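Enquirer: Structure supplied as query-v1.csv; contents: CSV, C-alpha atoms.
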chain,number,residue,atom,x,y,z
A,1,MET,CA,13.9,-8.8,-10.7
A,2,PRO,CA,12.4,-6.9,-7.7
A,3,ALA,CA,14.0,-7.4,-4.3
A,4,ALA,CA,12.5,-9.8,-1.9
A,5,ARG,CA,11.1,-6.9,0.2
A,6,GLU,CA,9.0,-5.6,-2.8
A,7,LEU,CA,7.9,-9.1,-3.7
A,8,LEU,CA,6.7,-9.7,-0.1
A,9,LEU,CA,4.9,-6.4,0.0
A,10,ASP,CA,3.2,-7.1,-3.3
A,11,ALA,CA,2.2,-10.6,-2.1
A,12,ALA,CA,0.8,-9.1,1.2
A,13,PHE,CA,-1.2,-6.5,-0.8
A,14,THR,CA,-2.6,-9.2,-3.1
A,15,ALA,CA,-3.5,-11.4,-0.1
A,16,LEU,CA,-5.6,-8.5,1.3
A,17,GLY,CA,-7.7,-8.6,-1.8
A,18,ALA,CA,-8.7,-12.2,-1.0
A,19,ARG,CA,-9.1,-12.2,2.8
A,20,PRO,CA,-9.1,-9.9,5.9
A,21,TRP,CA,-5.7,-9.0,7.4
A,22,HIS,CA,-6.2,-11.3,10.4
A,23,GLY,CA,-6.6,-14.2,7.8
A,24,VAL,CA,-3.4,-13.4,6.0
A,25,ARG,CA,-0.8,-16.0,6.9
A,26,MET,CA,2.9,-15.2,6.8
A,27,VAL,CA,3.6,-18.6,5.3
A,28,ASP,CA,1.2,-17.8,2.4
A,29,VAL,CA,2.8,-14.4,1.8
A,30,ALA,CA,6.2,-15.9,1.7
A,31,ALA,CA,5.1,-18.7,-0.7
A,32,ALA,CA,3.4,-16.2,-3.0
A,33,ALA,CA,6.6,-14.1,-3.1
A,34,GLY,CA,8.7,-17.2,-3.8
A,35,VAL,CA,10.8,-16.8,-0.7
A,36,SER,CA,11.2,-18.6,2.6
A,37,ARG,CA,9.2,-17.7,5.7
A,38,GLN,CA,12.5,-17.0,7.4
A,39,THR,CA,13.3,-14.4,4.7
A,40,LEU,CA,9.9,-12.7,5.4
A,41,TYR,CA,10.6,-12.6,9.2
A,42,ASN,CA,14.2,-11.4,8.6
A,43,GLU,CA,12.9,-8.6,6.5
A,44,PHE,CA,9.9,-7.4,8.6
A,45,GLY,CA,10.4,-9.1,12.0
A,46,SER,CA,6.7,-9.9,12.5
A,47,LYS,CA,3.3,-9.6,10.9
A,48,ASP,CA,2.9,-6.2,12.5
A,49,GLY,CA,6.2,-5.2,10.9
A,50,LEU,CA,4.9,-6.4,7.5
A,51,ALA,CA,1.7,-4.4,8.0
A,52,ARG,CA,3.6,-1.2,8.9
A,53,ALA,CA,5.8,-1.6,5.9
A,54,LEU,CA,2.9,-2.2,3.6
A,55,VAL,CA,0.9,0.8,4.9
A,56,ARG,CA,4.0,3.0,4.6
A,57,ARG,CA,4.7,1.8,1.0
A,58,GLU,CA,1.2,2.5,-0.1
A,59,ALA,CA,1.1,5.9,1.6
A,60,ASP,CA,4.5,6.8,0.0
A,61,SER,CA,3.2,5.8,-3.4
A,62,PHE,CA,0.1,7.9,-2.9
A,63,LEU,CA,2.1,10.9,-2.0
A,64,ALA,CA,4.5,10.5,-4.9
A,65,GLY,CA,1.5,10.3,-7.2
A,66,ALA,CA,0.0,13.4,-5.7
A,67,GLU,CA,3.3,15.3,-6.3
A,68,ARG,CA,3.4,14.1,-9.9
A,69,SER,CA,-0.2,15.2,-10.4
A,70,LEU,CA,0.5,18.7,-9.1
A,71,ALA,CA,3.8,19.0,-11.0
A,72,ASP,CA,2.2,17.8,-14.3
A,73,THR,CA,-0.7,20.2,-14.0
A,74,ALA,CA,1.5,23.1,-13.0
A,75,ARG,CA,3.9,22.3,-15.9
A,76,ASP,CA,1.0,22.6,-18.3
A,77,GLY,CA,0.5,26.2,-17.1
A,78,ALA,CA,-2.5,25.7,-15.0
A,79,ASP,CA,-3.5,28.0,-12.2
A,80,ALA,CA,-3.8,27.1,-8.5
A,81,GLY,CA,-7.4,26.2,-8.9
A,82,ASP,CA,-6.7,23.8,-11.7
A,83,CYS,CA,-3.8,22.3,-9.7
A,84,CYS,CA,-6.2,21.7,-6.7
A,85,ALA,CA,-8.8,20.2,-9.0
A,86,ALA,CA,-6.2,17.8,-10.5
A,87,LEU,CA,-5.0,16.8,-7.1
A,88,ALA,CA,-8.6,16.2,-5.9
A,89,LEU,CA,-9.2,14.0,-8.9
A,90,TRP,CA,-5.9,12.1,-8.3
A,91,THR,CA,-6.9,11.6,-4.6
A,92,LEU,CA,-10.4,10.2,-5.4
A,93,ARG,CA,-9.0,7.8,-8.1
A,94,ALA,CA,-6.2,6.6,-5.7
A,95,ALA,CA,-8.7,6.1,-2.9
A,96,ARG,CA,-11.1,4.2,-5.1
A,97,ALA,CA,-8.3,1.9,-6.4
A,98,ASN,CA,-6.5,1.2,-3.2
A,99,PRO,CA,-8.2,0.2,0.1
A,100,LEU,CA,-5.1,1.2,2.2
A,101,VAL,CA,-5.1,4.7,0.8
A,102,ARG,CA,-8.8,5.0,1.3
A,103,ALA,CA,-8.4,3.9,4.9
A,104,ALA,CA,-5.6,6.3,5.5
A,105,LEU,CA,-7.5,9.2,4.1
A,106,THR,CA,-10.9,8.5,5.8
A,107,GLY,CA,-9.8,6.7,9.0
A,108,CYS,CA,-12.2,3.9,8.1
A,109,ARG,CA,-10.0,0.9,7.9
A,110,GLY,CA,-12.4,-1.8,8.7
A,111,GLU,CA,-11.5,-5.3,9.9
A,112,ARG,CA,-10.1,-6.3,6.5
A,113,LEU,CA,-7.1,-4.0,6.8
A,114,PRO,CA,-4.0,-3.9,9.0
A,115,ALA,CA,-3.9,-1.1,11.6
A,116,ALA,CA,-2.2,2.1,10.5
A,117,ALA,CA,1.5,2.4,11.4
Show me this structure written as structure tokens.
Expert:
Amino acid sequence: MPAARELLLDAAFTALGARPWHGVRMVDVAAAAGVSRQTLYNEFGSKDGLARALVRREADSFLAGAERSLADTARDGADAGDCCAALALWTLRAARANPLVRAALTGCRGERLPAAA
């Protein structure tokens, strides 16, 4: 079973799909994760702390995927141009699928998303 931290981050990310960040309530995130609100505050300190952790997790996940894309393409014997093309494709797919990644890459976060950390 995932740790409470990951459950809370998953719940916060899911909540962003339904409402803007200013409408995400800590009590709802805690309930969705199946933990107490106190556990949420103990883990992140505040809603801003939760936002920072969420943005950081999504950015780290994006970077790990980019590294895998490059490594997989290079392992297949591709040249530098093919590696760059694979990375560009990975980036576009990740940005299309994840609004936090898209906001980090473009600087266009909109009112639905938390401020960047």
Enquirer: Between CA of Val35 in chain A and CA of Arg56 in chain A, what is the distance in Å, rounded to a tenth?
Expert: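 For CA of Val35 in chain A relative to CA of Arg56 in chain A, the distance reads 21.6 Å.
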Enquirer: Select, from A:Ala78, A:Leu89, A:Leu40, A:Val101, the residue with the minimum atom-to-atom distance to Ala12 in chain A, counting only C-alpha atoms.
Expert: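 Among the listed residues, A:Leu40 lies closest to Ala12 in chain A.
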Enquirer: Compile the contact shell of Gly23 in chain A as a list in words: residues with an atom at most 12 Å away, counting only C-alpha atoms, same-chain residues fewer than 3 positions apart removed.
Expert: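 These residues fall inside the cut-off: Ala12, Ala15, Leu16, Gly17, Ala18, Arg19, Pro20, Met26, Val27, Asp28, Val29, Lys47, Glu111, Arg112, Leu113 and Pro114 of chain A.
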Enquirer: Identify which of the residues A:Thr14, A:Ser69, A:Asn42, A:Ser36 lies closest to Pro99 in chain A, counting only C-alpha atoms when measuring atom-to-atom distances.
Expert: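 Answer, going by the shortest atom-to-atom distance: A:Thr14.
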Enquirer: Between A:Arg68, A:Arg109, A:Arg102, A:Arg57, which residue has the minimum interatomic distance to Asp10 in chain A, considering only C-alpha atoms?
Expert: A:Arg57
Enquirer: Closest to Arg5 in chain A among A:Ala30, A:Glu43, A:Gln38, A:Gly49, using all atoms listed in the file?
Expert: A:Glu43
Enquirer: Nearest to Ala94 in chain A: which of A:Ser61, A:Leu50, A:Gly110, A:Ala80 is it, counting only C-alpha atoms?
Expert: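 Checking each candidate against Ala94 in chain A, we get A:Ser61 as the closest.
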Enquirer: Hey, could you patch up range 27-56 of chain A with N, CA and C atoms and hand it over as a CSV table (one decimal), in the frame of the given file?
Expert:
chain,number,residue,atom,x,y,z
A,27,VAL,N,3.1,-17.5,6.1
A,27,VAL,CA,3.6,-18.6,5.3
A,27,VAL,C,3.1,-18.5,3.8
A,28,ASP,N,1.8,-18.0,3.7
A,28,ASP,CA,1.2,-17.8,2.4
A,28,ASP,C,1.8,-16.6,1.7
A,29,VAL,N,2.1,-15.6,2.4
A,29,VAL,CA,2.8,-14.4,1.8
A,29,VAL,C,4.1,-14.8,1.3
A,30,ALA,N,4.9,-15.5,2.1
A,30,ALA,CA,6.2,-15.9,1.7
A,30,ALA,C,6.2,-16.8,0.5
A,31,ALA,N,5.3,-17.8,0.5
A,31,ALA,CA,5.1,-18.7,-0.7
A,31,ALA,C,4.7,-17.9,-1.9
A,32,ALA,N,3.8,-17.0,-1.8
A,32,ALA,CA,3.4,-16.2,-3.0
A,32,ALA,C,4.5,-15.4,-3.5
A,33,ALA,N,5.4,-14.9,-2.7
A,33,ALA,CA,6.6,-14.1,-3.1
A,33,ALA,C,7.7,-15.0,-3.6
A,34,GLY,N,7.6,-16.3,-3.3
A,34,GLY,CA,8.7,-17.2,-3.8
A,34,GLY,C,9.9,-17.1,-2.9
A,35,VAL,N,9.7,-16.8,-1.6
A,35,VAL,CA,10.8,-16.8,-0.7
A,35,VAL,C,10.5,-17.6,0.6
A,36,SER,N,11.4,-17.9,1.4
A,36,SER,CA,11.2,-18.6,2.6
A,36,SER,C,10.5,-17.8,3.7
A,37,ARG,N,9.8,-18.4,4.6
A,37,ARG,CA,9.2,-17.7,5.7
A,37,ARG,C,10.2,-17.0,6.5
A,38,GLN,N,11.4,-17.6,6.6
A,38,GLN,CA,12.5,-17.0,7.4
A,38,GLN,C,12.9,-15.7,6.8
A,39,THR,N,12.9,-15.7,5.4
A,39,THR,CA,13.3,-14.4,4.7
A,39,THR,C,12.3,-13.3,5.1
A,40,LEU,N,11.0,-13.7,5.1
A,40,LEU,CA,9.9,-12.7,5.4
A,40,LEU,C,10.2,-12.2,6.8
A,41,TYR,N,10.4,-13.1,7.8
A,41,TYR,CA,10.6,-12.6,9.2
A,41,TYR,C,11.9,-11.8,9.3
A,42,ASN,N,13.0,-12.2,8.5
A,42,ASN,CA,14.2,-11.4,8.6
A,42,ASN,C,14.0,-10.0,8.1
A,43,GLU,N,13.1,-9.9,7.1
A,43,GLU,CA,12.9,-8.6,6.5
A,43,GLU,C,12.0,-7.7,7.3
A,44,PHE,N,10.9,-8.2,7.9
A,44,PHE,CA,9.9,-7.4,8.6
A,44,PHE,C,9.8,-7.7,10.1
A,45,GLY,N,10.4,-8.8,10.6
A,45,GLY,CA,10.4,-9.1,12.0
A,45,GLY,C,9.1,-9.8,12.5
A,46,SER,N,8.0,-9.3,12.0
A,46,SER,CA,6.7,-9.9,12.5
A,46,SER,C,5.6,-9.5,11.5
A,47,LYS,N,4.4,-10.0,11.7
A,47,LYS,CA,3.3,-9.6,10.9
A,47,LYS,C,3.0,-8.1,11.1
A,48,ASP,N,3.1,-7.6,12.3
A,48,ASP,CA,2.9,-6.2,12.5
A,48,ASP,C,3.9,-5.4,11.7
A,49,GLY,N,5.2,-5.9,11.7
A,49,GLY,CA,6.2,-5.2,10.9
A,49,GLY,C,5.9,-5.2,9.4
A,50,LEU,N,5.3,-6.3,8.9
A,50,LEU,CA,4.9,-6.4,7.5
A,50,LEU,C,3.8,-5.4,7.3
A,51,ALA,N,2.8,-5.3,8.2
A,51,ALA,CA,1.7,-4.4,8.0
A,51,ALA,C,2.2,-2.9,8.0
A,52,ARG,N,3.1,-2.6,8.9
A,52,ARG,CA,3.6,-1.2,8.9
A,52,ARG,C,4.3,-0.9,7.6
A,53,ALA,N,5.1,-1.8,7.1
A,53,ALA,CA,5.8,-1.6,5.9
A,53,ALA,C,4.9,-1.4,4.7
A,54,LEU,N,3.8,-2.3,4.7
A,54,LEU,CA,2.9,-2.2,3.6
A,54,LEU,C,2.1,-0.9,3.6
A,55,VAL,N,1.6,-0.5,4.8
A,55,VAL,CA,0.9,0.8,4.9
A,55,VAL,C,1.8,1.9,4.5
A,56,ARG,N,3.1,1.9,4.9
A,56,ARG,CA,4.0,3.0,4.6
A,56,ARG,C,4.3,3.0,3.1
